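So this one's input38.txt, compact mmCIF, N, CA and C atoms:
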```txt
# COMPACT_ATOMS: atom_id res chain seq x y z
N MET A 1223 -15.79 6.10 7.42
CA MET A 1223 -14.71 5.34 8.00
C MET A 1223 -14.95 5.07 9.49
N GLU A 1224 -15.44 6.08 10.15
CA GLU A 1224 -15.69 5.93 11.58
C GLU A 1224 -16.76 4.87 11.84
N ILE A 1225 -17.82 4.89 11.06
CA ILE A 1225 -18.90 3.91 11.23
C ILE A 1225 -18.38 2.51 10.91
N ALA A 1226 -17.63 2.37 9.83
CA ALA A 1226 -17.08 1.06 9.47
C ALA A 1226 -16.16 0.55 10.57
N SER A 1227 -15.30 1.41 11.07
CA SER A 1227 -14.37 1.03 12.13
C SER A 1227 -15.12 0.62 13.39
N GLN A 1228 -16.15 1.36 13.75
CA GLN A 1228 -16.95 1.05 14.94
C GLN A 1228 -17.62 -0.32 14.82
N HIS A 1229 -17.89 -0.74 13.61
CA HIS A 1229 -18.53 -2.05 13.38
C HIS A 1229 -17.52 -3.15 13.08
N GLY A 1230 -16.24 -2.87 13.33
CA GLY A 1230 -15.21 -3.88 13.16
C GLY A 1230 -14.86 -4.19 11.72
N LYS A 1231 -15.18 -3.31 10.81
CA LYS A 1231 -14.89 -3.54 9.40
C LYS A 1231 -13.48 -3.07 9.07
N ILE A 1232 -12.88 -3.70 8.09
CA ILE A 1232 -11.57 -3.29 7.61
C ILE A 1232 -11.73 -2.05 6.75
N VAL A 1233 -10.89 -1.05 7.01
CA VAL A 1233 -10.90 0.19 6.22
C VAL A 1233 -9.54 0.30 5.53
N ILE A 1234 -9.56 0.32 4.21
CA ILE A 1234 -8.33 0.45 3.42
C ILE A 1234 -8.39 1.80 2.70
N LEU A 1235 -7.35 2.62 2.89
CA LEU A 1235 -7.32 3.93 2.26
C LEU A 1235 -6.07 4.07 1.41
N ASN A 1236 -6.30 4.36 0.13
CA ASN A 1236 -5.23 4.78 -0.77
C ASN A 1236 -5.30 6.30 -0.79
N PRO A 1237 -4.39 6.99 -0.11
CA PRO A 1237 -4.51 8.44 0.06
C PRO A 1237 -4.04 9.25 -1.16
N ALA A 1238 -4.67 8.99 -2.28
CA ALA A 1238 -4.30 9.69 -3.52
C ALA A 1238 -5.51 10.43 -4.07
N PRO A 1239 -5.40 11.68 -4.37
CA PRO A 1239 -4.22 12.52 -4.13
C PRO A 1239 -4.08 12.81 -2.64
N SER A 1240 -2.87 12.98 -2.22
CA SER A 1240 -2.60 13.11 -0.79
C SER A 1240 -2.96 14.48 -0.25
N LEU A 1241 -3.60 14.45 0.88
CA LEU A 1241 -3.90 15.65 1.66
C LEU A 1241 -3.51 15.34 3.10
N LYS A 1242 -3.31 16.35 3.89
CA LYS A 1242 -3.07 16.14 5.31
C LYS A 1242 -4.36 15.58 5.90
N LEU A 1243 -4.29 14.46 6.59
CA LEU A 1243 -5.48 13.84 7.16
C LEU A 1243 -5.52 14.05 8.66
N PRO A 1244 -6.69 14.34 9.21
CA PRO A 1244 -6.79 14.54 10.66
C PRO A 1244 -6.58 13.22 11.42
N ASP A 1245 -6.04 13.33 12.61
CA ASP A 1245 -5.82 12.15 13.45
C ASP A 1245 -7.12 11.40 13.70
N SER A 1246 -8.24 12.12 13.78
CA SER A 1246 -9.53 11.46 14.01
C SER A 1246 -9.89 10.52 12.86
N LEU A 1247 -9.39 10.78 11.68
CA LEU A 1247 -9.61 9.88 10.54
C LEU A 1247 -8.59 8.76 10.55
N LEU A 1248 -7.33 9.09 10.79
CA LEU A 1248 -6.25 8.09 10.76
C LEU A 1248 -6.51 6.93 11.71
N LYS A 1249 -7.08 7.22 12.88
CA LYS A 1249 -7.28 6.15 13.87
C LYS A 1249 -8.32 5.12 13.43
N ASN A 1250 -9.06 5.41 12.35
CA ASN A 1250 -10.06 4.47 11.84
C ASN A 1250 -9.58 3.66 10.65
N ILE A 1251 -8.33 3.83 10.26
CA ILE A 1251 -7.80 3.17 9.07
C ILE A 1251 -7.09 1.88 9.45
N THR A 1252 -7.51 0.78 8.85
CA THR A 1252 -6.87 -0.51 9.08
C THR A 1252 -5.60 -0.63 8.24
N PHE A 1253 -5.69 -0.26 6.96
CA PHE A 1253 -4.55 -0.29 6.05
C PHE A 1253 -4.52 1.04 5.29
N ILE A 1254 -3.34 1.65 5.23
CA ILE A 1254 -3.16 2.84 4.40
C ILE A 1254 -2.02 2.52 3.42
N THR A 1255 -2.18 2.94 2.16
CA THR A 1255 -1.24 2.53 1.11
C THR A 1255 -0.69 3.73 0.34
N PRO A 1256 0.05 4.61 1.00
CA PRO A 1256 0.60 5.75 0.28
C PRO A 1256 1.81 5.38 -0.57
N ASN A 1257 2.06 6.17 -1.61
CA ASN A 1257 3.36 6.08 -2.26
C ASN A 1257 4.31 6.96 -1.47
N GLU A 1258 5.56 7.06 -1.90
CA GLU A 1258 6.53 7.80 -1.09
C GLU A 1258 6.21 9.30 -1.00
N THR A 1259 5.70 9.87 -2.07
CA THR A 1259 5.32 11.29 -2.04
C THR A 1259 4.17 11.51 -1.08
N GLU A 1260 3.16 10.65 -1.15
CA GLU A 1260 2.00 10.76 -0.26
C GLU A 1260 2.40 10.55 1.20
N LEU A 1261 3.32 9.59 1.45
CA LEU A 1261 3.79 9.35 2.82
C LEU A 1261 4.45 10.60 3.38
N ALA A 1262 5.28 11.25 2.57
CA ALA A 1262 5.93 12.49 3.01
C ALA A 1262 4.90 13.58 3.30
N GLN A 1263 3.90 13.70 2.45
CA GLN A 1263 2.87 14.72 2.67
C GLN A 1263 2.03 14.42 3.91
N LEU A 1264 1.75 13.16 4.15
CA LEU A 1264 0.94 12.77 5.30
C LEU A 1264 1.67 13.00 6.63
N THR A 1265 2.99 12.83 6.62
CA THR A 1265 3.73 12.83 7.88
C THR A 1265 4.64 14.03 8.07
N GLY A 1266 4.96 14.73 6.99
CA GLY A 1266 5.92 15.82 7.09
C GLY A 1266 7.35 15.34 7.16
N ILE A 1267 7.58 14.05 6.94
CA ILE A 1267 8.93 13.47 6.98
C ILE A 1267 9.36 13.18 5.54
N GLU A 1268 10.50 13.72 5.14
CA GLU A 1268 11.03 13.43 3.80
C GLU A 1268 11.49 11.98 3.77
N VAL A 1269 10.98 11.20 2.87
CA VAL A 1269 11.22 9.75 2.88
C VAL A 1269 12.28 9.36 1.85
N THR A 1270 13.48 9.85 2.06
CA THR A 1270 14.58 9.59 1.13
C THR A 1270 15.47 8.43 1.58
N THR A 1271 15.31 7.99 2.82
CA THR A 1271 16.12 6.88 3.33
C THR A 1271 15.19 5.84 3.96
N GLU A 1272 15.73 4.64 4.14
CA GLU A 1272 14.93 3.60 4.79
C GLU A 1272 14.54 4.02 6.20
N GLU A 1273 15.45 4.62 6.94
CA GLU A 1273 15.12 5.05 8.31
C GLU A 1273 14.01 6.09 8.31
N ASN A 1274 14.01 7.00 7.35
CA ASN A 1274 12.94 7.99 7.27
C ASN A 1274 11.61 7.33 6.92
N ILE A 1275 11.65 6.34 6.05
CA ILE A 1275 10.42 5.61 5.71
C ILE A 1275 9.88 4.94 6.97
N ARG A 1276 10.75 4.29 7.71
CA ARG A 1276 10.33 3.64 8.96
C ARG A 1276 9.77 4.65 9.96
N SER A 1277 10.43 5.79 10.08
CA SER A 1277 9.97 6.83 11.01
C SER A 1277 8.59 7.35 10.60
N ALA A 1278 8.40 7.57 9.32
CA ALA A 1278 7.10 8.05 8.83
C ALA A 1278 6.01 7.00 9.09
N CYS A 1279 6.33 5.74 8.86
CA CYS A 1279 5.35 4.68 9.13
C CYS A 1279 5.02 4.62 10.61
N ARG A 1280 6.05 4.70 11.47
CA ARG A 1280 5.82 4.68 12.92
C ARG A 1280 4.90 5.83 13.35
N LEU A 1281 5.09 6.99 12.74
CA LEU A 1281 4.24 8.14 13.07
C LEU A 1281 2.78 7.84 12.77
N LEU A 1282 2.51 7.24 11.61
CA LEU A 1282 1.12 6.88 11.27
C LEU A 1282 0.58 5.80 12.20
N LEU A 1283 1.42 4.83 12.55
CA LEU A 1283 0.98 3.78 13.48
C LEU A 1283 0.66 4.39 14.84
N ASP A 1284 1.48 5.33 15.29
CA ASP A 1284 1.25 6.00 16.57
C ASP A 1284 -0.05 6.80 16.56
N LYS A 1285 -0.50 7.20 15.39
CA LYS A 1285 -1.75 7.96 15.27
C LYS A 1285 -2.96 7.02 15.13
N GLY A 1286 -2.72 5.71 15.14
CA GLY A 1286 -3.81 4.76 15.15
C GLY A 1286 -4.01 3.94 13.90
N VAL A 1287 -3.26 4.21 12.84
CA VAL A 1287 -3.35 3.38 11.63
C VAL A 1287 -2.90 1.96 11.98
N GLY A 1288 -3.59 0.96 11.45
CA GLY A 1288 -3.25 -0.42 11.76
C GLY A 1288 -2.01 -0.92 11.04
N THR A 1289 -1.95 -0.70 9.73
CA THR A 1289 -0.83 -1.15 8.90
C THR A 1289 -0.57 -0.12 7.81
N VAL A 1290 0.71 0.14 7.57
CA VAL A 1290 1.12 1.04 6.49
C VAL A 1290 1.83 0.21 5.43
N VAL A 1291 1.40 0.36 4.18
CA VAL A 1291 2.07 -0.28 3.05
C VAL A 1291 2.46 0.84 2.10
N VAL A 1292 3.76 1.09 1.99
CA VAL A 1292 4.27 2.18 1.16
C VAL A 1292 4.71 1.61 -0.18
N THR A 1293 4.13 2.12 -1.25
CA THR A 1293 4.54 1.68 -2.59
C THR A 1293 5.64 2.61 -3.08
N LEU A 1294 6.71 2.00 -3.58
CA LEU A 1294 7.91 2.75 -3.93
C LEU A 1294 8.34 2.49 -5.38
N GLY A 1295 7.39 2.17 -6.24
CA GLY A 1295 7.70 1.96 -7.65
C GLY A 1295 8.71 0.85 -7.86
N SER A 1296 9.76 1.14 -8.59
CA SER A 1296 10.77 0.12 -8.93
C SER A 1296 11.56 -0.35 -7.71
N LYS A 1297 11.43 0.36 -6.58
CA LYS A 1297 12.11 -0.05 -5.34
C LYS A 1297 11.26 -1.03 -4.53
N GLY A 1298 10.07 -1.36 -5.02
CA GLY A 1298 9.22 -2.30 -4.31
C GLY A 1298 8.29 -1.62 -3.35
N SER A 1299 8.04 -2.27 -2.23
CA SER A 1299 7.17 -1.69 -1.21
C SER A 1299 7.67 -2.08 0.17
N PHE A 1300 7.32 -1.24 1.12
CA PHE A 1300 7.68 -1.46 2.51
C PHE A 1300 6.39 -1.50 3.32
N TYR A 1301 6.31 -2.43 4.25
CA TYR A 1301 5.11 -2.52 5.08
C TYR A 1301 5.50 -2.55 6.55
N MET A 1302 4.61 -2.02 7.38
CA MET A 1302 4.87 -1.99 8.81
C MET A 1302 3.56 -1.92 9.58
N ASN A 1303 3.49 -2.71 10.64
CA ASN A 1303 2.45 -2.57 11.64
C ASN A 1303 3.11 -2.83 12.99
N HIS A 1304 2.35 -3.03 14.04
CA HIS A 1304 2.96 -3.21 15.36
C HIS A 1304 3.57 -4.60 15.56
N GLU A 1305 3.29 -5.53 14.64
CA GLU A 1305 3.81 -6.89 14.77
C GLU A 1305 4.94 -7.21 13.81
N GLU A 1306 4.94 -6.58 12.64
CA GLU A 1306 5.92 -6.95 11.63
C GLU A 1306 6.21 -5.79 10.69
N SER A 1307 7.34 -5.91 10.01
CA SER A 1307 7.68 -4.97 8.96
C SER A 1307 8.58 -5.69 7.97
N GLY A 1308 8.64 -5.16 6.75
CA GLY A 1308 9.50 -5.79 5.77
C GLY A 1308 9.39 -5.14 4.41
N TRP A 1309 10.17 -5.67 3.51
CA TRP A 1309 10.24 -5.18 2.13
C TRP A 1309 9.75 -6.26 1.18
N VAL A 1310 9.07 -5.86 0.14
CA VAL A 1310 8.71 -6.75 -0.96
C VAL A 1310 9.32 -6.12 -2.20
N GLN A 1311 10.17 -6.88 -2.87
CA GLN A 1311 10.84 -6.37 -4.06
C GLN A 1311 9.86 -6.18 -5.21
N ALA A 1312 10.13 -5.17 -6.00
CA ALA A 1312 9.38 -4.98 -7.24
C ALA A 1312 9.82 -6.05 -8.24
N LEU A 1313 8.93 -6.38 -9.15
CA LEU A 1313 9.30 -7.30 -10.22
C LEU A 1313 9.88 -6.49 -11.37
N ARG A 1314 10.91 -6.99 -11.98
CA ARG A 1314 11.52 -6.30 -13.11
C ARG A 1314 10.73 -6.63 -14.37
N VAL A 1315 10.14 -5.60 -14.93
CA VAL A 1315 9.33 -5.76 -16.15
C VAL A 1315 9.64 -4.61 -17.09
N ASP A 1316 9.27 -4.78 -18.35
CA ASP A 1316 9.38 -3.70 -19.32
C ASP A 1316 8.15 -2.82 -19.20
N THR A 1317 8.32 -1.69 -18.55
CA THR A 1317 7.20 -0.79 -18.29
C THR A 1317 6.80 -0.05 -19.56
N ILE A 1318 5.50 -0.10 -19.85
CA ILE A 1318 4.93 0.61 -21.00
C ILE A 1318 4.11 1.80 -20.52
N ASP A 1319 3.29 1.61 -19.49
CA ASP A 1319 2.40 2.67 -19.03
C ASP A 1319 2.09 2.41 -17.56
N THR A 1320 2.38 3.38 -16.69
CA THR A 1320 2.15 3.19 -15.25
C THR A 1320 0.74 3.59 -14.83
N THR A 1321 -0.07 4.06 -15.78
CA THR A 1321 -1.44 4.46 -15.45
C THR A 1321 -2.20 3.26 -14.87
N GLY A 1322 -2.76 3.44 -13.71
CA GLY A 1322 -3.57 2.40 -13.09
C GLY A 1322 -2.79 1.44 -12.20
N ALA A 1323 -1.47 1.57 -12.14
CA ALA A 1323 -0.68 0.63 -11.34
C ALA A 1323 -1.04 0.69 -9.86
N GLY A 1324 -1.20 1.89 -9.33
CA GLY A 1324 -1.56 2.03 -7.91
C GLY A 1324 -2.93 1.47 -7.62
N ASP A 1325 -3.88 1.72 -8.51
CA ASP A 1325 -5.22 1.17 -8.32
C ASP A 1325 -5.21 -0.35 -8.41
N ALA A 1326 -4.43 -0.88 -9.35
CA ALA A 1326 -4.32 -2.34 -9.48
C ALA A 1326 -3.70 -2.94 -8.22
N PHE A 1327 -2.66 -2.28 -7.70
CA PHE A 1327 -2.00 -2.74 -6.47
C PHE A 1327 -3.01 -2.79 -5.33
N ASN A 1328 -3.75 -1.71 -5.16
CA ASN A 1328 -4.71 -1.64 -4.05
C ASN A 1328 -5.85 -2.63 -4.20
N GLY A 1329 -6.36 -2.79 -5.41
CA GLY A 1329 -7.42 -3.78 -5.65
C GLY A 1329 -6.94 -5.19 -5.35
N ALA A 1330 -5.75 -5.51 -5.83
CA ALA A 1330 -5.20 -6.86 -5.63
C ALA A 1330 -4.87 -7.09 -4.15
N LEU A 1331 -4.36 -6.08 -3.47
CA LEU A 1331 -4.09 -6.20 -2.04
C LEU A 1331 -5.38 -6.53 -1.29
N THR A 1332 -6.43 -5.82 -1.63
CA THR A 1332 -7.73 -6.03 -0.99
C THR A 1332 -8.25 -7.44 -1.25
N VAL A 1333 -8.16 -7.88 -2.49
CA VAL A 1333 -8.61 -9.24 -2.84
C VAL A 1333 -7.86 -10.27 -2.02
N ALA A 1334 -6.54 -10.16 -1.98
CA ALA A 1334 -5.73 -11.15 -1.26
C ALA A 1334 -6.03 -11.14 0.24
N LEU A 1335 -6.18 -9.95 0.81
CA LEU A 1335 -6.52 -9.89 2.24
C LEU A 1335 -7.88 -10.53 2.49
N CYS A 1336 -8.85 -10.28 1.59
CA CYS A 1336 -10.18 -10.89 1.74
C CYS A 1336 -10.13 -12.41 1.58
N ARG A 1337 -9.18 -12.91 0.84
CA ARG A 1337 -8.99 -14.36 0.70
C ARG A 1337 -8.38 -14.97 1.96
N GLY A 1338 -7.93 -14.11 2.87
CA GLY A 1338 -7.33 -14.60 4.11
C GLY A 1338 -5.83 -14.81 4.03
N GLU A 1339 -5.20 -14.29 2.98
CA GLU A 1339 -3.76 -14.43 2.85
C GLU A 1339 -3.05 -13.55 3.87
N SER A 1340 -1.82 -13.91 4.18
CA SER A 1340 -1.03 -13.09 5.11
C SER A 1340 -0.75 -11.73 4.49
N LEU A 1341 -0.35 -10.79 5.32
CA LEU A 1341 -0.04 -9.46 4.83
C LEU A 1341 1.05 -9.54 3.76
N ARG A 1342 2.13 -10.22 4.04
CA ARG A 1342 3.23 -10.30 3.08
C ARG A 1342 2.78 -10.96 1.78
N SER A 1343 2.06 -12.06 1.87
CA SER A 1343 1.56 -12.74 0.66
C SER A 1343 0.63 -11.83 -0.12
N SER A 1344 -0.18 -11.06 0.58
CA SER A 1344 -1.09 -10.13 -0.08
C SER A 1344 -0.33 -9.05 -0.84
N ILE A 1345 0.75 -8.57 -0.25
CA ILE A 1345 1.57 -7.55 -0.92
C ILE A 1345 2.31 -8.15 -2.11
N VAL A 1346 2.79 -9.36 -1.97
CA VAL A 1346 3.45 -10.04 -3.10
C VAL A 1346 2.46 -10.19 -4.26
N PHE A 1347 1.24 -10.59 -3.97
CA PHE A 1347 0.20 -10.72 -5.01
C PHE A 1347 -0.08 -9.37 -5.65
N ALA A 1348 -0.24 -8.34 -4.83
CA ALA A 1348 -0.52 -7.00 -5.35
C ALA A 1348 0.63 -6.50 -6.23
N THR A 1349 1.84 -6.82 -5.84
CA THR A 1349 3.02 -6.44 -6.63
C THR A 1349 3.00 -7.13 -7.98
N LYS A 1350 2.63 -8.38 -7.98
CA LYS A 1350 2.56 -9.15 -9.23
C LYS A 1350 1.51 -8.57 -10.18
N VAL A 1351 0.35 -8.24 -9.65
CA VAL A 1351 -0.72 -7.67 -10.49
C VAL A 1351 -0.30 -6.30 -11.01
N ALA A 1352 0.24 -5.44 -10.15
CA ALA A 1352 0.67 -4.10 -10.59
C ALA A 1352 1.78 -4.19 -11.63
N ALA A 1353 2.68 -5.16 -11.45
CA ALA A 1353 3.76 -5.33 -12.42
C ALA A 1353 3.20 -5.71 -13.79
N TYR A 1354 2.19 -6.55 -13.82
CA TYR A 1354 1.57 -6.90 -15.09
C TYR A 1354 0.90 -5.67 -15.71
N VAL A 1355 0.19 -4.91 -14.92
CA VAL A 1355 -0.55 -3.75 -15.43
C VAL A 1355 0.37 -2.75 -16.11
N VAL A 1356 1.57 -2.52 -15.57
CA VAL A 1356 2.47 -1.53 -16.17
C VAL A 1356 3.07 -2.02 -17.49
N THR A 1357 2.91 -3.29 -17.80
CA THR A 1357 3.41 -3.80 -19.09
C THR A 1357 2.38 -3.64 -20.20
N GLN A 1358 1.23 -3.08 -19.86
CA GLN A 1358 0.14 -2.90 -20.82
C GLN A 1358 -0.16 -1.41 -20.99
N MET A 1359 -0.73 -1.06 -22.12
CA MET A 1359 -1.12 0.33 -22.35
C MET A 1359 -2.52 0.55 -21.81
N GLY A 1360 -2.71 1.65 -21.09
CA GLY A 1360 -4.04 2.01 -20.60
C GLY A 1360 -4.26 1.64 -19.15
N ALA A 1361 -5.32 2.20 -18.61
CA ALA A 1361 -5.58 2.07 -17.18
C ALA A 1361 -6.31 0.78 -16.79
N GLN A 1362 -6.94 0.09 -17.75
CA GLN A 1362 -7.75 -1.07 -17.39
C GLN A 1362 -7.48 -2.27 -18.30
N PRO A 1363 -6.26 -2.78 -18.28
CA PRO A 1363 -6.00 -3.95 -19.12
C PRO A 1363 -6.70 -5.19 -18.57
N LEU A 1364 -7.01 -6.10 -19.44
CA LEU A 1364 -7.55 -7.39 -19.03
C LEU A 1364 -6.41 -8.18 -18.39
N ILE A 1365 -6.60 -8.59 -17.15
CA ILE A 1365 -5.55 -9.31 -16.44
C ILE A 1365 -5.81 -10.80 -16.60
N PRO A 1366 -4.84 -11.54 -17.15
CA PRO A 1366 -5.03 -12.98 -17.37
C PRO A 1366 -5.27 -13.74 -16.07
N GLU A 1367 -6.06 -14.76 -16.16
CA GLU A 1367 -6.38 -15.62 -15.01
C GLU A 1367 -5.11 -16.13 -14.33
N SER A 1368 -4.07 -16.44 -15.10
CA SER A 1368 -2.83 -16.99 -14.53
C SER A 1368 -2.16 -16.00 -13.57
N ILE A 1369 -2.32 -14.71 -13.78
CA ILE A 1369 -1.75 -13.68 -12.89
C ILE A 1369 -2.53 -13.64 -11.58
N LEU A 1370 -3.82 -13.92 -11.65
CA LEU A 1370 -4.69 -13.75 -10.49
C LEU A 1370 -4.69 -14.92 -9.53
N LYS A 1371 -3.93 -15.93 -9.81
CA LYS A 1371 -3.89 -17.10 -8.91
C LYS A 1371 -2.74 -17.01 -7.97
```

What is this structure when it is put down as structure tokens?
Amino acid sequence: MEIASQHGKIVILNPAPSLKLPDSLLKNITFITPNETELAQLTGIEVTTEENIRSACRLLLDKGVGTVVVTLGSKGSFYMNHEESGWVQALRVDTIDTTGAGDAFNGALTVALCRGESLRSSIVFATKVAAYVVTQMGAQPLIPESILK
């Protein structure tokens, strides 16, 4: 991560399973994508309210993380960096299996960011892909082309 950061590369970390991360690592992360449990473990802040979520995100930003995207399951996701913050609603779907949803979210977020989409648009796309994945059984469903556009 340090080498990638030194060369101006984007570093995206999905901190699962969550461990306490040293500040020397956090300062090299461009995007971190914890769920609410991982965010609490990373920051020591119980994330039961919106204000606590914001406080936990601010703590990571103060330690050098560029952008925090917190996935909150059926509550959607919250994102924050030094320029913007906001909520992206979850899509209401008939959930069959949540296996792989976080990985699908992170993969889709990365794809959208690499396409040059805005942060919010990238999260909306990632939400759409993860919502489709939870409607299928298993960790690696074939995602239709129509979802990926």

Which neighbours of Lys1242 of chain A fall inside 8 Å, counting all atoms listed in the file, when residues of the same chain fewer than 2 positions from it are skipped, and could you give them as a PDB file with N, CA and C atoms, keeping the file's coordinate frame?
```
ATOM      1  N   PRO A1239      -5.400  11.680  -4.370  1.00  0.00           N
ATOM      2  CA  PRO A1239      -4.220  12.520  -4.130  1.00  0.00           C
ATOM      3  C   PRO A1239      -4.080  12.810  -2.640  1.00  0.00           C
ATOM      4  N   SER A1240      -2.870  12.980  -2.220  1.00  0.00           N
ATOM      5  CA  SER A1240      -2.600  13.110  -0.790  1.00  0.00           C
ATOM      6  C   SER A1240      -2.960  14.480  -0.250  1.00  0.00           C
ATOM      7  N   PRO A1244      -6.690  14.340   9.210  1.00  0.00           N
ATOM      8  CA  PRO A1244      -6.790  14.540  10.660  1.00  0.00           C
ATOM      9  C   PRO A1244      -6.580  13.220  11.420  1.00  0.00           C
ATOM     10  N   ASP A1245      -6.040  13.330  12.610  1.00  0.00           N
ATOM     11  CA  ASP A1245      -5.820  12.150  13.450  1.00  0.00           C
ATOM     12  C   ASP A1245      -7.120  11.400  13.700  1.00  0.00           C
ATOM     13  N   GLN A1263       3.900  13.700   2.450  1.00  0.00           N
ATOM     14  CA  GLN A1263       2.870  14.720   2.670  1.00  0.00           C
ATOM     15  C   GLN A1263       2.030  14.420   3.910  1.00  0.00           C
ATOM     16  N   LEU A1264       1.750  13.160   4.150  1.00  0.00           N
ATOM     17  CA  LEU A1264       0.940  12.770   5.300  1.00  0.00           C
ATOM     18  C   LEU A1264       1.670  13.000   6.630  1.00  0.00           C
ATOM     19  N   THR A1265       2.990  12.830   6.620  1.00  0.00           N
ATOM     20  CA  THR A1265       3.730  12.830   7.880  1.00  0.00           C
ATOM     21  C   THR A1265       4.640  14.030   8.070  1.00  0.00           C
TER      22      THR A1265
END
```

(message) Just checking: using only N, CA and C atoms, which residue out of A:Phe1300, A:Val1346, A:Glu1339, A:Val1351 ends up closest to Ala1323 of chain A?
(response) A:Val1351

(request) Can you work out the spacing between atom C of Val1269 of chain A and atom N of Ile1254 of chain A in Å, to one decimal? (result) 17.7 Å

(request) Could you jot down the atom CA of Ala1330 of chain A to atom CA of Gln1228 of chain A separation for me, Å, one decimal place? (result) 25.0 Å

(request) Can you pull out every residue within 8 Å of Ala1226 of chain A, counting all atoms listed in the file, but drop anything in the same chain fewer than 6 positions away, and send it as a ChimeraX atom specification? (result) /A:1232-1233,1250

(request) Name the residues in contact with Asn1303 of chain A at a cut-off of 6 Å, using all atoms listed in the file, excluding same-chain residues fewer than 2 positions from it; report them as a ChimeraX atom specification. (result) /A:1288-1290,1301,1305-1307

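Note that the spacing between atom C of Ser1344 of chain A and atom CA of Gly1266 of chain A amounts to 26.8 Å.
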
(message) Residues within 12 Å of Phe1253 of chain A, please, as a PyMOL selection string. Count only C-alpha atoms; anything in the same chain fewer than 2 positions from it doesn't count.
(response) chain A and resi 1223+1227+1231-1237+1248-1251+1255-1256+1279+1282-1283+1286-1292+1301-1303+1328+1331-1332+1335+1341+1345

Go ahead and write the selection's residues with N, CA and C atoms as a short mmCIF file (atom, residue, chain, number, x, y, z; two decimals), in the coordinates of the input.
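Produced file selection.cif, reproduced below:
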```
data_model
loop_
_atom_site.label_atom_id
_atom_site.label_comp_id
_atom_site.auth_asym_id
_atom_site.auth_seq_id
_atom_site.Cartn_x
_atom_site.Cartn_y
_atom_site.Cartn_z
N MET A 1223 -15.79 6.10 7.42
CA MET A 1223 -14.71 5.34 8.00
C MET A 1223 -14.95 5.07 9.49
N SER A 1227 -15.30 1.41 11.07
CA SER A 1227 -14.37 1.03 12.13
C SER A 1227 -15.12 0.62 13.39
N LYS A 1231 -15.18 -3.31 10.81
CA LYS A 1231 -14.89 -3.54 9.40
C LYS A 1231 -13.48 -3.07 9.07
N ILE A 1232 -12.88 -3.70 8.09
CA ILE A 1232 -11.57 -3.29 7.61
C ILE A 1232 -11.73 -2.05 6.75
N VAL A 1233 -10.89 -1.05 7.01
CA VAL A 1233 -10.90 0.19 6.22
C VAL A 1233 -9.54 0.30 5.53
N ILE A 1234 -9.56 0.32 4.21
CA ILE A 1234 -8.33 0.45 3.42
C ILE A 1234 -8.39 1.80 2.70
N LEU A 1235 -7.35 2.62 2.89
CA LEU A 1235 -7.32 3.93 2.26
C LEU A 1235 -6.07 4.07 1.41
N ASN A 1236 -6.30 4.36 0.13
CA ASN A 1236 -5.23 4.78 -0.77
C ASN A 1236 -5.30 6.30 -0.79
N PRO A 1237 -4.39 6.99 -0.11
CA PRO A 1237 -4.51 8.44 0.06
C PRO A 1237 -4.04 9.25 -1.16
N LEU A 1248 -7.33 9.09 10.79
CA LEU A 1248 -6.25 8.09 10.76
C LEU A 1248 -6.51 6.93 11.71
N LYS A 1249 -7.08 7.22 12.88
CA LYS A 1249 -7.28 6.15 13.87
C LYS A 1249 -8.32 5.12 13.43
N ASN A 1250 -9.06 5.41 12.35
CA ASN A 1250 -10.06 4.47 11.84
C ASN A 1250 -9.58 3.66 10.65
N ILE A 1251 -8.33 3.83 10.26
CA ILE A 1251 -7.80 3.17 9.07
C ILE A 1251 -7.09 1.88 9.45
N THR A 1255 -2.18 2.94 2.16
CA THR A 1255 -1.24 2.53 1.11
C THR A 1255 -0.69 3.73 0.34
N PRO A 1256 0.05 4.61 1.00
CA PRO A 1256 0.60 5.75 0.28
C PRO A 1256 1.81 5.38 -0.57
N CYS A 1279 6.33 5.74 8.86
CA CYS A 1279 5.35 4.68 9.13
C CYS A 1279 5.02 4.62 10.61
N LEU A 1282 2.51 7.24 11.61
CA LEU A 1282 1.12 6.88 11.27
C LEU A 1282 0.58 5.80 12.20
N LEU A 1283 1.42 4.83 12.55
CA LEU A 1283 0.98 3.78 13.48
C LEU A 1283 0.66 4.39 14.84
N GLY A 1286 -2.72 5.71 15.14
CA GLY A 1286 -3.81 4.76 15.15
C GLY A 1286 -4.01 3.94 13.90
N VAL A 1287 -3.26 4.21 12.84
CA VAL A 1287 -3.35 3.38 11.63
C VAL A 1287 -2.90 1.96 11.98
N GLY A 1288 -3.59 0.96 11.45
CA GLY A 1288 -3.25 -0.42 11.76
C GLY A 1288 -2.01 -0.92 11.04
N THR A 1289 -1.95 -0.70 9.73
CA THR A 1289 -0.83 -1.15 8.90
C THR A 1289 -0.57 -0.12 7.81
N VAL A 1290 0.71 0.14 7.57
CA VAL A 1290 1.12 1.04 6.49
C VAL A 1290 1.83 0.21 5.43
N VAL A 1291 1.40 0.36 4.18
CA VAL A 1291 2.07 -0.28 3.05
C VAL A 1291 2.46 0.84 2.10
N VAL A 1292 3.76 1.09 1.99
CA VAL A 1292 4.27 2.18 1.16
C VAL A 1292 4.71 1.61 -0.18
N TYR A 1301 6.31 -2.43 4.25
CA TYR A 1301 5.11 -2.52 5.08
C TYR A 1301 5.50 -2.55 6.55
N MET A 1302 4.61 -2.02 7.38
CA MET A 1302 4.87 -1.99 8.81
C MET A 1302 3.56 -1.92 9.58
N ASN A 1303 3.49 -2.71 10.64
CA ASN A 1303 2.45 -2.57 11.64
C ASN A 1303 3.11 -2.83 12.99
N ASN A 1328 -3.75 -1.71 -5.16
CA ASN A 1328 -4.71 -1.64 -4.05
C ASN A 1328 -5.85 -2.63 -4.20
N LEU A 1331 -4.36 -6.08 -3.47
CA LEU A 1331 -4.09 -6.20 -2.04
C LEU A 1331 -5.38 -6.53 -1.29
N THR A 1332 -6.43 -5.82 -1.63
CA THR A 1332 -7.73 -6.03 -0.99
C THR A 1332 -8.25 -7.44 -1.25
N LEU A 1335 -6.18 -9.95 0.81
CA LEU A 1335 -6.52 -9.89 2.24
C LEU A 1335 -7.88 -10.53 2.49
N LEU A 1341 -0.35 -10.79 5.32
CA LEU A 1341 -0.04 -9.46 4.83
C LEU A 1341 1.05 -9.54 3.76
N ILE A 1345 0.75 -8.57 -0.25
CA ILE A 1345 1.57 -7.55 -0.92
C ILE A 1345 2.31 -8.15 -2.11
#
```
